[in-house]
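Engineer: Structure incoming, see below.
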Amino acid sequence: MIGRTELSVFAAVLGLDQLTKQLVLASFETGEKLAITPFFNLVLVWNPGVSFGLLGELGDHRPALLVALTLFVMMLLGVWLWREQRSASRLALVLVLAGAFGNLVDRIRFGAVVDFLDFHWAGYHWPAFNLADSAIVAGAGLLLLDGLWSARGSVSEAEGERR
């Protein structure tokens, strides 16, 4: 069952993602930059693919294929969330799902994802990203940590049983 906290986190992530994208769309032309710090810019970039622009070359069918792929992955993650008992994993899955949904909204509305966070150093730029991407990465990292933590506890329990 999905709890109130999980729904609140989902709504907050989705709402902030869509709000920030709308603010950027209202304030910037494609490619326009605003330097915030020596290593961070705001810039409007359209990502027609997935992470780092991968699969951007799929042609005219790209938006529909990426929407279908996203819906399929979200369905699998939703089943996992439904069955998951550990609260850290549940929070992580909600973050991933909210981020995926935020980018899905862009793909449906625009055929591409709005990216605007541009970090760089010494002439090297990390590919631009958005808050939805940040939620996906944070959720994936939390899933990894929770999995490692749970595995560590299982190993400790197994060692304790052998003694």
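Convention: chains lettered A, B, ... in structure tokens order; per-chain residue numbering from 1; ligands numbered from 1 as shown.
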Against segment 11-17 of chain A, which residues of segment 41-154 of chain A fall within 10 Å? For each one I want the closest pair of atoms and the distance in Å (one decimal), counting only C-alpha atoms, rows by chain and increasing residue number, as CSV.
Structural biologist:
```
residue,atom,partner,partner_atom,distance
A:Val94,CA,A:Val13,CA,9.3
A:Leu95,CA,A:Val13,CA,7.4
A:Val96,CA,A:Val13,CA,9.8
A:Leu97,CA,A:Leu14,CA,9.4
A:Ala98,CA,A:Leu14,CA,5.6
A:Gly99,CA,A:Leu14,CA,6.8
A:Ala100,CA,A:Leu14,CA,9.2
A:Phe101,CA,A:Leu14,CA,7.3
A:Gly102,CA,A:Leu14,CA,5.6
A:Asn103,CA,A:Asp17,CA,8.7
A:Val105,CA,A:Leu14,CA,9.6
A:Val114,CA,A:Asp17,CA,9.9
A:Asn130,CA,A:Asp17,CA,7.3
A:Leu131,CA,A:Asp17,CA,5.2
A:Ala132,CA,A:Asp17,CA,5.7
A:Asp133,CA,A:Asp17,CA,9.2
A:Ser134,CA,A:Asp17,CA,9.6
A:Ala135,CA,A:Val13,CA,7.3
```
Engineer: Just asking: which residues within chain A are helix (DSSP H, G or I) according to DSSP, as a ChimeraX atom specification?
Structural biologist: /A:4-27,51-53,59-83,87-110,131-162
Engineer: Those selected residues, please, written with C-alpha atoms and delivered as a CSV table (one decimal), in the first residue's frame.
Structural biologist:
```
chain,number,residue,atom,x,y,z
A,4,ARG,CA,0.6,9.5,2.7
A,5,THR,CA,4.3,10.2,3.1
A,6,GLU,CA,5.1,8.5,-0.1
A,7,LEU,CA,2.4,10.3,-2.0
A,8,SER,CA,3.6,13.6,-0.5
A,9,VAL,CA,7.2,13.0,-1.5
A,10,PHE,CA,6.0,12.0,-5.0
A,11,ALA,CA,3.8,15.1,-5.3
A,12,ALA,CA,6.6,17.4,-4.0
A,13,VAL,CA,9.2,16.1,-6.3
A,14,LEU,CA,6.9,16.2,-9.3
A,15,GLY,CA,5.6,19.7,-8.4
A,16,LEU,CA,9.1,21.2,-7.9
A,17,ASP,CA,10.3,19.5,-11.1
A,18,GLN,CA,7.5,20.9,-13.2
A,19,LEU,CA,7.6,24.3,-11.6
A,20,THR,CA,11.3,24.8,-12.2
A,21,LYS,CA,11.0,23.6,-15.8
A,22,GLN,CA,8.1,26.1,-16.4
A,23,LEU,CA,10.2,28.9,-14.8
A,24,VAL,CA,13.2,28.1,-17.1
A,25,LEU,CA,10.9,27.9,-20.2
A,26,ALA,CA,9.4,31.3,-19.3
A,27,SER,CA,12.8,32.9,-18.7
A,51,SER,CA,20.5,9.9,-19.9
A,52,PHE,CA,23.3,11.9,-21.5
A,53,GLY,CA,21.3,12.1,-24.7
A,59,GLY,CA,14.2,9.2,-35.5
A,60,ASP,CA,10.5,10.1,-35.7
A,61,HIS,CA,9.4,7.2,-33.5
A,62,ARG,CA,11.7,8.3,-30.6
A,63,PRO,CA,9.1,10.1,-28.5
A,64,ALA,CA,6.6,7.3,-28.6
A,65,LEU,CA,9.2,4.6,-28.0
A,66,LEU,CA,10.7,6.5,-25.0
A,67,VAL,CA,7.2,7.1,-23.6
A,68,ALA,CA,6.4,3.4,-23.9
A,69,LEU,CA,9.7,2.4,-22.4
A,70,THR,CA,9.3,4.8,-19.5
A,71,LEU,CA,5.7,3.6,-18.8
A,72,PHE,CA,7.0,0.0,-18.8
A,73,VAL,CA,9.8,0.7,-16.4
A,74,MET,CA,7.5,2.7,-14.2
A,75,MET,CA,5.1,-0.2,-14.1
A,76,LEU,CA,7.9,-2.5,-13.0
A,77,LEU,CA,9.0,-0.1,-10.3
A,78,GLY,CA,5.4,0.4,-9.2
A,79,VAL,CA,5.1,-3.4,-8.6
A,80,TRP,CA,8.4,-3.4,-6.7
A,81,LEU,CA,7.1,-0.5,-4.6
A,82,TRP,CA,3.8,-2.3,-3.9
A,83,ARG,CA,5.7,-5.3,-2.6
A,87,SER,CA,11.0,2.1,4.2
A,88,ALA,CA,14.3,3.3,2.7
A,89,SER,CA,13.7,1.3,-0.4
A,90,ARG,CA,10.2,2.5,-0.6
A,91,LEU,CA,11.3,6.1,-0.4
A,92,ALA,CA,14.0,5.4,-3.0
A,93,LEU,CA,11.5,3.9,-5.4
A,94,VAL,CA,9.1,6.9,-4.9
A,95,LEU,CA,12.0,9.3,-5.8
A,96,VAL,CA,12.8,7.3,-9.0
A,97,LEU,CA,9.1,7.1,-10.0
A,98,ALA,CA,8.5,10.8,-9.4
A,99,GLY,CA,11.5,11.7,-11.4
A,100,ALA,CA,10.6,9.4,-14.2
A,101,PHE,CA,7.1,10.8,-14.2
A,102,GLY,CA,8.4,14.4,-14.4
A,103,ASN,CA,10.4,13.6,-17.4
A,104,LEU,CA,7.6,11.6,-18.9
A,105,VAL,CA,5.4,14.7,-18.7
A,106,ASP,CA,8.0,16.6,-20.8
A,107,ARG,CA,8.2,13.8,-23.4
A,108,ILE,CA,4.5,13.8,-23.8
A,109,ARG,CA,4.2,17.6,-23.9
A,110,PHE,CA,7.3,18.5,-25.9
A,131,LEU,CA,15.3,18.1,-10.7
A,132,ALA,CA,13.6,14.9,-12.0
A,133,ASP,CA,17.0,13.6,-13.0
A,134,SER,CA,18.3,14.5,-9.5
A,135,ALA,CA,15.5,12.6,-7.9
A,136,ILE,CA,16.1,9.5,-10.1
A,137,VAL,CA,19.9,9.5,-9.2
A,138,ALA,CA,19.1,10.1,-5.5
A,139,GLY,CA,16.6,7.3,-5.5
A,140,ALA,CA,18.9,4.9,-7.3
A,141,GLY,CA,21.7,5.8,-4.9
A,142,LEU,CA,19.4,5.2,-1.9
A,143,LEU,CA,18.4,1.8,-3.4
A,144,LEU,CA,22.0,0.9,-3.7
A,145,LEU,CA,22.9,1.9,-0.2
A,146,ASP,CA,19.8,0.2,1.2
A,147,GLY,CA,20.6,-3.0,-0.7
A,148,LEU,CA,24.2,-2.9,0.6
A,149,TRP,CA,23.1,-2.2,4.1
A,150,SER,CA,20.6,-5.0,4.0
A,151,ALA,CA,23.1,-7.4,2.5
A,152,ARG,CA,25.6,-6.5,5.3
A,153,GLY,CA,23.0,-7.2,7.9
A,154,SER,CA,22.1,-10.6,6.3
A,155,VAL,CA,25.8,-11.5,6.3
A,156,SER,CA,26.2,-10.5,10.0
A,157,GLU,CA,23.1,-12.5,10.9
A,158,ALA,CA,24.4,-15.6,9.0
A,159,GLU,CA,27.8,-15.3,10.8
A,160,GLY,CA,26.0,-15.0,14.1
A,161,GLU,CA,24.0,-18.2,13.4
A,162,ARG,CA,27.1,-20.2,12.6
```
Engineer: I'd like to know which residues of chain A are strand (DSSP E) (by DSSP, run on the backbone); could you write them as a PyMOL selection string?
Structural biologist: chain A and resi 33-37+40-47+113-121+124-125
Engineer: So which one's closest to Lys33 of chain A, A:Phe129, A:Arg86, A:Val45, A:Met1? Using only C-alpha atoms, please.
Structural biologist: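 Using only C-alpha atoms, Lys33 of chain A sits closest to A:Val45.
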Engineer: Which residue out of A:Ala112, A:Gly49, A:Phe39, A:Leu44 has the minimum interatomic distance to His125 of chain A when only C-alpha atoms are used?
Structural biologist: A:Phe39
Engineer: When you look at Leu42 of chain A with a cut-off of 6 Å (counting only C-alpha atoms), what residues show up, excluding the ones that are within fewer than 2 positions of it in the same chain? I need them as a list of chain:residue names.
Structural biologist: A:Lys33, A:Leu34, A:Phe116, A:Leu117, A:Asp118
Engineer: Go through A:Val43, A:Trp121, A:Val50, A:Pro127 and flag the residue nearest Glu29 of chain A, using only C-alpha atoms for the distances.
Structural biologist: A:Val43
Engineer: So what do you get for atom CA of His120 of chain A versus atom CA of Asn41 of chain A, distance-wise?
Structural biologist: 8.1 Å
Engineer: So how many Å separate atom CA of Ala35 of chain A and atom CA of Val113 of chain A, to one decimal?
Structural biologist: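 Between these atoms lies a distance of 21.4 Å.
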